[in-house]
Amino acid sequence: MLSYLIFFITVAAILSIATLGLNLQWGVSGQFNAGVVGFLAVGGYGMAILTMPVSEQLIVRLNWPFAVGIMGALVVSGIVALLVGLATLRLRSDYLAIATFGIASSIQVLANNLEPLTGGSRGLVGIPRPFESMGAQAVGYGYLVIVLCVLAVVYAGLQALLRSPWGRVQRALREDEVVCAALGKNVVRFRLTAFVMGAMLMGLSGALYAGFIGTTSPSEFMPILTFQIWAMLIVGGSGSNAGAIAGSFVIWGLWTASGAVIVSVLPPQWQAQGGALQSILVGLVLVLTLLLRPQGLLGPRLTA
Amino acid sequence: MSTRTHLLRAEGVVAGYARDLPIVHGVTVGVAPGEILVILGPNGAGKSTLVKSLAGVVPKFGGKVLLDGNDVTAMPAHRLASAGVGFVPQNANVFTSLTVHENLRIGGYLLSRVDLKRRLDEAYARFPDLGLRRGHAGHALSGGQRQMLAIARALMMAPRLLLLDEPSAGLSPLMVSEVFTNVRKIADSGIAVLMVEQNVKAGLRIADRGLILVTGSTAYEGDARSLQDDPVVAQLYLGRHADTHVDATTHATDGSAA
Amino acid sequence: MIAQAIVDGFLSGAVVALGAIGVTFSLSILRFANFSHGDMLAVGGYVALFVLALVAGPGMLNSSFLSTPIAPFSFGWGVPLALLFAMVVAVAVALLLDALVFKRLRARGADPLTLVFASFGLALVLRNLVLLLFGPDAHNYSNEIQMAVRLPGPVLVLPDQILVFGVTLVVLAVLWFFLQRTRYGMAMRSVAENPVLSSIAGIDIASTIRLTWIVSSMLAALAGVFYGVTVQVRPEMGLNLLLPLFTAAILGGVGSVSGAVLGALIISLCENLLSLVIPSTYKPLVPFVLLLLILYFRPAGLFAPKGR
């Protein structure tokens with residue numbers, strides 16, 4: 001039971017980091033990322049590729065340490081975000097949604113097919129984890145501590161960022177872009193940095209996830225993850241970092257609980273349908289929140 | 001002039017883009033058939049917002065608007081068009097990707113085939129320049145031709161009330177004169193004309209009455225002649241030179257920059 | 001080989017074209033990227049599957065007349081009937097979603113991203129409803145084997161493909177006539193360019209919006225059924241088609257129907273030609289690469305209506 005709880009908290013905390021990243025993109029700077037899972041995948045695969053032990057089937061044989069792998073994941077996800085962000089920077093806002101959706105599907109295709117790099121549909125198994133030599137218990141507790149520390153640092157950093165002049169400009173941009181542009185603020189640059197930083201947090205989350213599970217494969221990063229993280233953000237009240245973390249735990253709790261019910265109650269051939277029901281509920285949460293909350297998605301404006 | 005003869009009677013109109021931030025604060029105005037009322041005022045006074053709210057394009061949060069005695073306060077823009085209100089916006093007032101002919105056909109969207117044919121012929125007779133350019137796309141027209149097209153489009157429905165938002169904007173003095181001559185002719189045919197203008201001199205020259213709007217409220221109202229002749233009024237509300245544009249003394253935006 | 005790829009490109013491009021037109025309408029008239037449009041194709045495809053199963057199945061509605069294939073095609077009169085039902089259901093779903101969700105959000109003055117977000121959530125719901133009702137496996141409309149027709153090249157095409165292509169051409173011609181020569185079509189074009197100017201000319205924006213939903217969903221249902229006829233239906237088909245649909249509309253220039261069709265053709269041709277040199281599992285990358293290219297170099301699209 002305890003180990004299950006540790007597992008749950010670790011994963012929820014890891015996903016919170018992605019939700020915080022999404023908050024930076026949406027809650028703080030008003031950009032719609034329809035391909036969240038893609039950035040997690042980039043981070044997860046980036047980390048895995050850099051740290052995997054040397055193998056004949058893989059062309060990348062760096063076998064770098066855990067921390068370096070994490071850094072690498074941050075860099076790669078930042079670059080991918082830049083690629084997508086620069087393309088749509090001065091265009092209508094829904095183009096970013098389309099482009100992020102596109103990058104997520106493309107990453108899935110690449111992950112499934114570039115076998116020498118990504119391990120194909122089997123993925124990469126056996127990612128080295130910290131404290132591995134000290135036994136399974138140590139890995140579990142140790143990783144939890146690492147994740148919670150990272151989460152705390154990220155949270156504190158974001159709070160500080162929002163209170164900084166940079167954060168104030170972002171808030172002002174959200175209210176009235178025309179005025180800010182008139183004041184000389186480079187609207188485009190602010191949007192882009194928020195987007196890239198948010199994406200890097202998502203990459204960090206993906207990397208931590210890959211490190212935790214020890215494997216990474218296309219089935220770890222399915223499209224539903226995008227919707228789950230969105231639900232986590234808006235349930236918590238977008239704009240609020242604390243809300244993002246709380247929302248992550250709530251949604252992840254509901255998801256795993258309902259998943260457990262499905263597995264125990266439904267016969268195997270109906271489990272796909274059970275999963276469909278979960279997804280429908282997530283979709284309804286998203287749409288109903290939009291309809292029923294008078295402020296729509298904005299929630300409490302940017303509580304810093 | 002007795003208010004009983006007014007075709008348009010707007011009383012206490014409160015309008016803006018957000019309920020908690022109205023730009024027009026209770027303006028009362030009336031226009032009779034055949035007369036031209038020009039609305040003047042510094043930038044940001046709310047002139048454009050006022051005329052847009054009368055056209056149903058900007059929401060009204062208070063007041064009453066009567067058209068020929070009928071309450072049209074809550075009427076949406078497309079119904080106002082069929083009720084006899086024509087509106088010529090300042091910007092984006094023609095369909096640039098459509099031809100002159102298509103623009104006019106859209107102006108006559110609600111008309112029967114017979115009426116449409118007749119009004120098209122009338123439009124080309126009234127604006128021969130447009131007749132020569134039937135197949136030209138909107139984006140290929142000059143500023144003056146576009147303004148003519150915009151007005152012709154609004155006249156397709158044979159409106160009883162014509163609203164114009166700064167028809168002289170961006171035009172050469174020659175074009176301005178031509179546009180205003182046309183507006184005078186339109187009024188003389190019995191249509192009530194309400195016109196927002198920045199060009200005070202030219203506006204007052206063809207208008208019958210004038211209204212000066214400052215920060216969303218009526219500051220002065222009277223007939224055009226006395227406004228023209230009264231330098232004190234002109235100075236007070238319109239700045240030193242009555243025929244130049246004046247900068248805003250307020251922070252309110254009147255939406256015409258949109 | 002190349003000739004075959006080109007012909008395949010044209011044939012499969014037809015389906016994408018029909019779907020992309022609906023996307024270009026939503027981007028220009030409804031003014032938001034409708035992420036649920038792909039799943040509208042799936043709705044169409046699956047309703048048709050359901051009707052076909054009824055007429056071929058053991059129940060009361062079995063009809064050997066409808067389920068017997070008409071040579072040389074793989075299907076019989078059941079498919080046109082199923083198509084009719086598919087279009088009716090798709091239109092009903094689209095109008096329902098507009099009334100329940102999008103209209104309410106528009107009335108609140110919601111910005112485009114809110115509508116995008118709503119469509120995003122609705123897409124998830126639609127996709128999984130299909131999964132719930134029909135299961136995760138792919139389905140074919142029929143198991144009939146067709147004799148391929150041999151064209152000069154040598155190029156092999158299936159009669160089904162030729163029929164679908166032909167019907168698409170007819171539909172496009174009808175649509176052109178509708179948009180260019182009828183009042184309602186003119187209203188759609190003017191609202192696409194300038195809604196405010198349209199409303200002061202007397203056009204009822206709300207009913208134009210409803211009309212747009214109707215036309216888009218009819219085309220989507222058609223595309224979905226055609227996809228089912230020439231390929232197969234599966235729950236993720238909407239998700240898989242979404243990127244090509246968006247890319248085609250943007251490539252062609254938002255608001256341009258002919259642009260959407262040409263964009264679809266370009267994507268389809270690229271996919272099929274590239275499959276000659278790279279493994280076909282990489283085909284799904286083609287739309288995205290084209291999307292990035294067009295966004296970087298010519299975001300207005302290749303055939304955008306002039307003067308906008």
# chains A, B, ... in the order shown; residues from 1 in each chain; ligands from 1
>>> select_by_dssp(residues="segment 115-285 of chain A", states="strand (DSSP E or B)", output="list of chain:residue names")
A:Leu124, A:Val125, A:Thr215, A:Thr216
>>> closest_atom_pairs(of="chain B", to="chain C", cutoff="9 Å", atoms="only C-alpha atoms", output="tab-separated table")
residue	atom	partner	partner_atom	distance
B:Ala55	CA	C:Ile200	CA	7.4
B:Gly56	CA	C:Ile200	CA	8.1
B:Val57	CA	C:Val196	CA	7.1
B:Pro76	CA	C:Ser199	CA	8.5
B:Ala77	CA	C:Ile200	CA	5.4
B:His78	CA	C:Gly202	CA	4.0
B:Arg79	CA	C:Gly202	CA	6.4
B:Leu80	CA	C:Ile200	CA	7.6
B:Ala81	CA	C:Gly202	CA	5.1
B:Ser82	CA	C:Gly202	CA	6.3
B:Val85	CA	C:Ile200	CA	8.5
B:Gly86	CA	C:Ile200	CA	7.3
B:Phe87	CA	C:Ile200	CA	6.6
B:Val88	CA	C:Ile200	CA	8.7
B:Pro89	CA	C:Leu197	CA	8.1
B:Ala92	CA	C:Leu197	CA	7.7
B:Asn93	CA	C:Leu197	CA	6.6
B:Val94	CA	C:Leu197	CA	7.5
B:Phe95	CA	C:Glu193	CA	7.0
B:Thr96	CA	C:Gly307	CA	5.2
B:Ser97	CA	C:Gly307	CA	4.9
B:Leu98	CA	C:Ser190	CA	8.2
B:Glu102	CA	C:Met186	CA	8.5
B:Asn103	CA	C:Ser190	CA	8.9
B:Ile106	CA	C:Ala201	CA	6.6
B:Gly107	CA	C:Ala201	CA	5.1
B:Gly108	CA	C:Ala201	CA	7.3
B:Tyr109	CA	C:Gly202	CA	6.6
B:Leu110	CA	C:Gly202	CA	6.4
B:Ala137	CA	C:Gly307	CA	8.0
B:Gly138	CA	C:Gly307	CA	7.4
B:His139	CA	C:Gly307	CA	5.2
B:Ala140	CA	C:Gly307	CA	8.1
B:Arg153	CA	C:Ala201	CA	7.9
B:Ala154	CA	C:Ala201	CA	7.1
B:Met156	CA	C:Ala201	CA	8.9
B:Met157	CA	C:Ala201	CA	8.2
>>> write_last_selection(atoms="C-alpha atoms", output="PDB file, in the first residue's frame")
ATOM      1  CA  ALA B  55     -26.238  51.173 -36.381  1.00  0.00           C
ATOM      2  CA  GLY B  56     -26.431  48.222 -34.003  1.00  0.00           C
ATOM      3  CA  VAL B  57     -22.747  47.412 -34.275  1.00  0.00           C
ATOM      4  CA  PRO B  76     -29.695  43.924 -34.169  1.00  0.00           C
ATOM      5  CA  ALA B  77     -27.770  45.407 -37.084  1.00  0.00           C
ATOM      6  CA  HIS B  78     -29.205  43.199 -39.800  1.00  0.00           C
ATOM      7  CA  ARG B  79     -32.785  43.997 -38.812  1.00  0.00           C
ATOM      8  CA  LEU B  80     -31.998  47.694 -38.645  1.00  0.00           C
ATOM      9  CA  ALA B  81     -30.879  47.421 -42.264  1.00  0.00           C
ATOM     10  CA  SER B  82     -34.276  46.127 -43.306  1.00  0.00           C
ATOM     11  CA  VAL B  85     -31.085  52.273 -41.533  1.00  0.00           C
ATOM     12  CA  GLY B  86     -28.029  52.498 -43.769  1.00  0.00           C
ATOM     13  CA  PHE B  87     -24.555  52.656 -42.246  1.00  0.00           C
ATOM     14  CA  VAL B  88     -21.254  53.561 -43.905  1.00  0.00           C
ATOM     15  CA  PRO B  89     -18.431  52.626 -41.505  1.00  0.00           C
ATOM     16  CA  ALA B  92     -13.337  48.188 -43.846  1.00  0.00           C
ATOM     17  CA  ASN B  93     -16.417  49.613 -45.511  1.00  0.00           C
ATOM     18  CA  VAL B  94     -16.247  47.617 -48.740  1.00  0.00           C
ATOM     19  CA  PHE B  95     -15.616  43.938 -49.406  1.00  0.00           C
ATOM     20  CA  THR B  96     -12.127  44.074 -50.876  1.00  0.00           C
ATOM     21  CA  SER B  97     -12.127  40.528 -52.206  1.00  0.00           C
ATOM     22  CA  LEU B  98     -15.418  41.009 -54.051  1.00  0.00           C
ATOM     23  CA  GLU B 102     -20.884  41.897 -55.926  1.00  0.00           C
ATOM     24  CA  ASN B 103     -20.509  44.573 -53.241  1.00  0.00           C
ATOM     25  CA  ILE B 106     -24.673  42.247 -51.068  1.00  0.00           C
ATOM     26  CA  GLY B 107     -25.960  45.713 -50.259  1.00  0.00           C
ATOM     27  CA  GLY B 108     -29.205  44.551 -51.836  1.00  0.00           C
ATOM     28  CA  TYR B 109     -29.128  41.155 -50.130  1.00  0.00           C
ATOM     29  CA  LEU B 110     -32.649  41.495 -48.772  1.00  0.00           C
ATOM     30  CA  ALA B 137     -12.362  44.027 -57.104  1.00  0.00           C
ATOM     31  CA  GLY B 138     -12.707  46.229 -54.059  1.00  0.00           C
ATOM     32  CA  HIS B 139      -9.002  46.198 -53.349  1.00  0.00           C
ATOM     33  CA  ALA B 140      -8.284  47.648 -56.790  1.00  0.00           C
ATOM     34  CA  ARG B 153     -23.777  49.896 -51.029  1.00  0.00           C
ATOM     35  CA  ALA B 154     -25.590  51.513 -48.110  1.00  0.00           C
ATOM     36  CA  MET B 156     -29.083  49.857 -52.071  1.00  0.00           C
ATOM     37  CA  MET B 157     -31.675  49.304 -49.382  1.00  0.00           C
TER      38      MET B 157
END
>>> residues_around(residues="Ile70 of chain A", least_positions_apart="4", cutoff="9 Å", atoms="only C-alpha atoms", output="PDB file with C-alpha atoms, in the first residue's frame")
ATOM      1  CA  GLY A  43      11.831  15.278 -22.825  1.00  0.00           C
ATOM      2  CA  GLY A  44      11.318  11.633 -21.981  1.00  0.00           C
ATOM      3  CA  GLY A  46      15.695  12.928 -24.941  1.00  0.00           C
ATOM      4  CA  MET A  47      16.585  11.836 -21.446  1.00  0.00           C
ATOM      5  CA  LEU A  50      21.207  10.273 -23.667  1.00  0.00           C
ATOM      6  CA  PRO A  65      24.565  10.362 -16.034  1.00  0.00           C
ATOM      7  CA  PHE A  66      21.015  11.015 -14.880  1.00  0.00           C
ATOM      8  CA  LEU A  74      15.446  20.476 -21.191  1.00  0.00           C
ATOM      9  CA  VAL A  75      17.583  21.656 -24.091  1.00  0.00           C
ATOM     10  CA  GLY A 203      10.198  18.238 -21.162  1.00  0.00           C
ATOM     11  CA  LEU A 204      11.506  18.099 -17.612  1.00  0.00           C
ATOM     12  CA  ALA A 207      12.318  13.213 -18.524  1.00  0.00           C
ATOM     13  CA  LEU A 208      11.560  12.630 -14.856  1.00  0.00           C
ATOM     14  CA  GLY A 211      13.631   8.116 -15.414  1.00  0.00           C
TER      15      GLY A 211
END
>>> atom_distance(atom1="atom CA of Asn272 of chain C", atom2="atom CA of Ile6 of chain C")
6.9 Å
>>> interface_residues(of="chain C", to="chain A", cutoff="6 Å", atoms="only C-alpha atoms", output="MDAnalysis selection string")
chainID C and resid 33 118 121 124:125 128 132 285 288 295:296
>>> residues_around(residues="Leu242 of chain C", least_positions_apart="6", cutoff="8 Å", atoms="only C-alpha atoms", output="PDB file with N, CA and C atoms, in the first residue's frame")
ATOM      1  N   PHE C  35     -11.191  21.735 -33.891  1.00  0.00           N
ATOM      2  CA  PHE C  35     -10.492  20.472 -33.709  1.00  0.00           C
ATOM      3  C   PHE C  35     -11.430  19.273 -33.751  1.00  0.00           C
ATOM      4  N   HIS C  37     -13.515  18.715 -36.179  1.00  0.00           N
ATOM      5  CA  HIS C  37     -13.960  18.451 -37.551  1.00  0.00           C
ATOM      6  C   HIS C  37     -13.539  17.070 -38.035  1.00  0.00           C
ATOM      7  N   GLY C  38     -12.334  16.660 -37.669  1.00  0.00           N
ATOM      8  CA  GLY C  38     -11.876  15.334 -38.079  1.00  0.00           C
ATOM      9  C   GLY C  38     -12.825  14.253 -37.589  1.00  0.00           C
TER      10      GLY C  38
END
>>> residues_around(residues="segment 209-217 of chain C", least_positions_apart="6", cutoff="10 Å", atoms="only C-alpha atoms", output="ChimeraX atom specification")
/C:18-26,29-30,37,40-41,43-44,86-95,97-99,103,175,184-185,187-188,191,223
>>> write_last_selection(atoms="C-alpha atoms", output="PDB file, in the first residue's frame")
ATOM      1  CA  LEU C  18     -13.912  17.500 -48.919  1.00  0.00           C
ATOM      2  CA  GLY C  19     -12.870  17.581 -45.271  1.00  0.00           C
ATOM      3  CA  ALA C  20     -10.513  20.513 -45.767  1.00  0.00           C
ATOM      4  CA  ILE C  21     -13.290  22.665 -47.229  1.00  0.00           C
ATOM      5  CA  GLY C  22     -15.173  22.342 -43.948  1.00  0.00           C
ATOM      6  CA  VAL C  23     -12.020  23.374 -42.089  1.00  0.00           C
ATOM      7  CA  THR C  24     -11.496  26.428 -44.273  1.00  0.00           C
ATOM      8  CA  PHE C  25     -15.098  27.450 -43.633  1.00  0.00           C
ATOM      9  CA  SER C  26     -14.660  27.149 -39.895  1.00  0.00           C
ATOM     10  CA  ILE C  29     -16.550  32.121 -41.264  1.00  0.00           C
ATOM     11  CA  LEU C  30     -16.710  30.658 -37.776  1.00  0.00           C
ATOM     12  CA  HIS C  37     -13.960  18.451 -37.551  1.00  0.00           C
ATOM     13  CA  MET C  40     -17.128  14.657 -37.778  1.00  0.00           C
ATOM     14  CA  LEU C  41     -15.726  12.604 -40.639  1.00  0.00           C
ATOM     15  CA  VAL C  43     -19.185  10.248 -37.233  1.00  0.00           C
ATOM     16  CA  GLY C  44     -20.209  10.140 -40.880  1.00  0.00           C
ATOM     17  CA  ALA C  86     -24.642   9.818 -42.299  1.00  0.00           C
ATOM     18  CA  MET C  87     -25.208  13.327 -43.590  1.00  0.00           C
ATOM     19  CA  VAL C  88     -28.413  13.771 -41.638  1.00  0.00           C
ATOM     20  CA  VAL C  89     -26.783  12.624 -38.398  1.00  0.00           C
ATOM     21  CA  ALA C  90     -23.665  14.698 -38.986  1.00  0.00           C
ATOM     22  CA  VAL C  91     -25.728  17.829 -39.599  1.00  0.00           C
ATOM     23  CA  ALA C  92     -27.809  17.117 -36.509  1.00  0.00           C
ATOM     24  CA  VAL C  93     -24.701  16.626 -34.368  1.00  0.00           C
ATOM     25  CA  ALA C  94     -23.084  19.794 -35.707  1.00  0.00           C
ATOM     26  CA  LEU C  95     -26.168  21.936 -35.099  1.00  0.00           C
ATOM     27  CA  LEU C  97     -23.038  21.113 -30.659  1.00  0.00           C
ATOM     28  CA  ASP C  98     -23.307  24.639 -31.992  1.00  0.00           C
ATOM     29  CA  ALA C  99     -26.511  25.285 -30.062  1.00  0.00           C
ATOM     30  CA  LYS C 103     -23.379  29.524 -29.615  1.00  0.00           C
ATOM     31  CA  LEU C 175     -20.489  23.742 -54.178  1.00  0.00           C
ATOM     32  CA  TYR C 184     -26.759  32.046 -49.425  1.00  0.00           C
ATOM     33  CA  GLY C 185     -23.387  31.286 -50.891  1.00  0.00           C
ATOM     34  CA  ALA C 187     -23.700  35.545 -47.696  1.00  0.00           C
ATOM     35  CA  MET C 188     -21.163  32.930 -46.586  1.00  0.00           C
ATOM     36  CA  VAL C 191     -19.369  36.906 -43.709  1.00  0.00           C
ATOM     37  CA  ALA C 223     -15.610  12.529 -46.789  1.00  0.00           C
TER      38      ALA C 223
END
>>> atom_distance(atom1="atom CA of Thr230 of chain C", atom2="atom CA of Val164 of chain C")
8.1 Å
>>> residues_around(residues="Gly63 of chain B", least_positions_apart="3", cutoff="7 Å", atoms="only C-alpha atoms", output="list in words")
Glu11, Gly12, Val13, Val14 and Gly26 of chain B
>>> residues_around(residues="Lys185 of chain B", least_positions_apart="6", cutoff="12 Å", atoms="only C-alpha atoms", output="JSON, numbers by chain")
{"B": [34, 35, 36, 126, 178, 179, 191, 192, 193, 206, 207]}
>>> write_last_selection(atoms="C-alpha atoms", output="CSV table (one decimal), in the first residue's frame")
chain,number,residue,atom,x,y,z
B,34,GLY,CA,-33.9,65.8,-45.5
B,35,GLU,CA,-31.6,67.2,-42.9
B,36,ILE,CA,-27.9,66.6,-42.3
B,126,ARG,CA,-25.9,57.9,-59.5
B,178,GLU,CA,-17.3,65.2,-54.3
B,179,VAL,CA,-18.4,63.0,-51.4
B,191,ILE,CA,-33.2,60.9,-46.4
B,192,ALA,CA,-32.2,61.8,-42.8
B,193,VAL,CA,-28.4,61.9,-42.6
B,206,ILE,CA,-23.1,71.1,-45.9
B,207,ALA,CA,-24.8,70.3,-42.6
>>> atom_distance(atom1="atom CA of Gly214 of chain A", atom2="atom CA of Ile127 of chain A")
4.7 Å
>>> closest_atom_pairs(of="segment 208-229 of chain B", to="segment 38-45 of chain B", cutoff="6 Å", atoms="only C-alpha atoms", output="JSON lines")
{"residue": "B:Gly210", "atom": "CA", "partner": "B:Val38", "partner_atom": "CA", "distance": 4.8}
{"residue": "B:Leu211", "atom": "CA", "partner": "B:Ile39", "partner_atom": "CA", "distance": 4.9}
{"residue": "B:Ile212", "atom": "CA", "partner": "B:Leu40", "partner_atom": "CA", "distance": 4.7}
{"residue": "B:Leu213", "atom": "CA", "partner": "B:Gly41", "partner_atom": "CA", "distance": 4.9}
{"residue": "B:Val214", "atom": "CA", "partner": "B:Ala45", "partner_atom": "CA", "distance": 4.8}
{"residue": "B:Thr215", "atom": "CA", "partner": "B:Ala45", "partner_atom": "CA", "distance": 4.4}
{"residue": "B:Gly216", "atom": "CA", "partner": "B:Ala45", "partner_atom": "CA", "distance": 5.3}
>>> write_last_selection(atoms="N, CA and C atoms", output="compact mmCIF listing (two decimals), in the first residue's frame")
# COMPACT_ATOMS: atom_id res chain seq x y z
N GLY B 210 -25.57 70.90 -36.11
CA GLY B 210 -24.35 70.27 -35.61
C GLY B 210 -24.47 69.94 -34.14
N LEU B 211 -23.74 68.92 -33.73
CA LEU B 211 -23.72 68.54 -32.33
C LEU B 211 -22.27 68.29 -31.97
N ILE B 212 -21.84 68.87 -30.86
CA ILE B 212 -20.45 68.67 -30.45
C ILE B 212 -20.42 67.73 -29.26
N LEU B 213 -19.67 66.65 -29.43
CA LEU B 213 -19.56 65.63 -28.39
C LEU B 213 -18.18 65.78 -27.74
N VAL B 214 -18.18 65.83 -26.41
CA VAL B 214 -16.91 65.86 -25.69
C VAL B 214 -16.98 64.84 -24.57
N THR B 215 -16.00 63.97 -24.49
CA THR B 215 -15.95 62.85 -23.52
C THR B 215 -17.31 62.18 -23.36
N GLY B 216 -17.94 61.90 -24.47
CA GLY B 216 -19.14 61.07 -24.43
C GLY B 216 -20.42 61.80 -24.11
>>> select_by_dssp(residues="segment 146-230 of chain B", states="helix (DSSP H, G or I)", output="JSON, numbers by chain")
{"B": [146, 147, 148, 149, 150, 151, 152, 153, 154, 155, 173, 174, 175, 176, 177, 178, 179, 180, 181, 182, 183, 184, 185, 186, 187, 188, 200, 201, 202, 203, 204, 205, 206, 224, 225, 226, 227, 228, 229]}
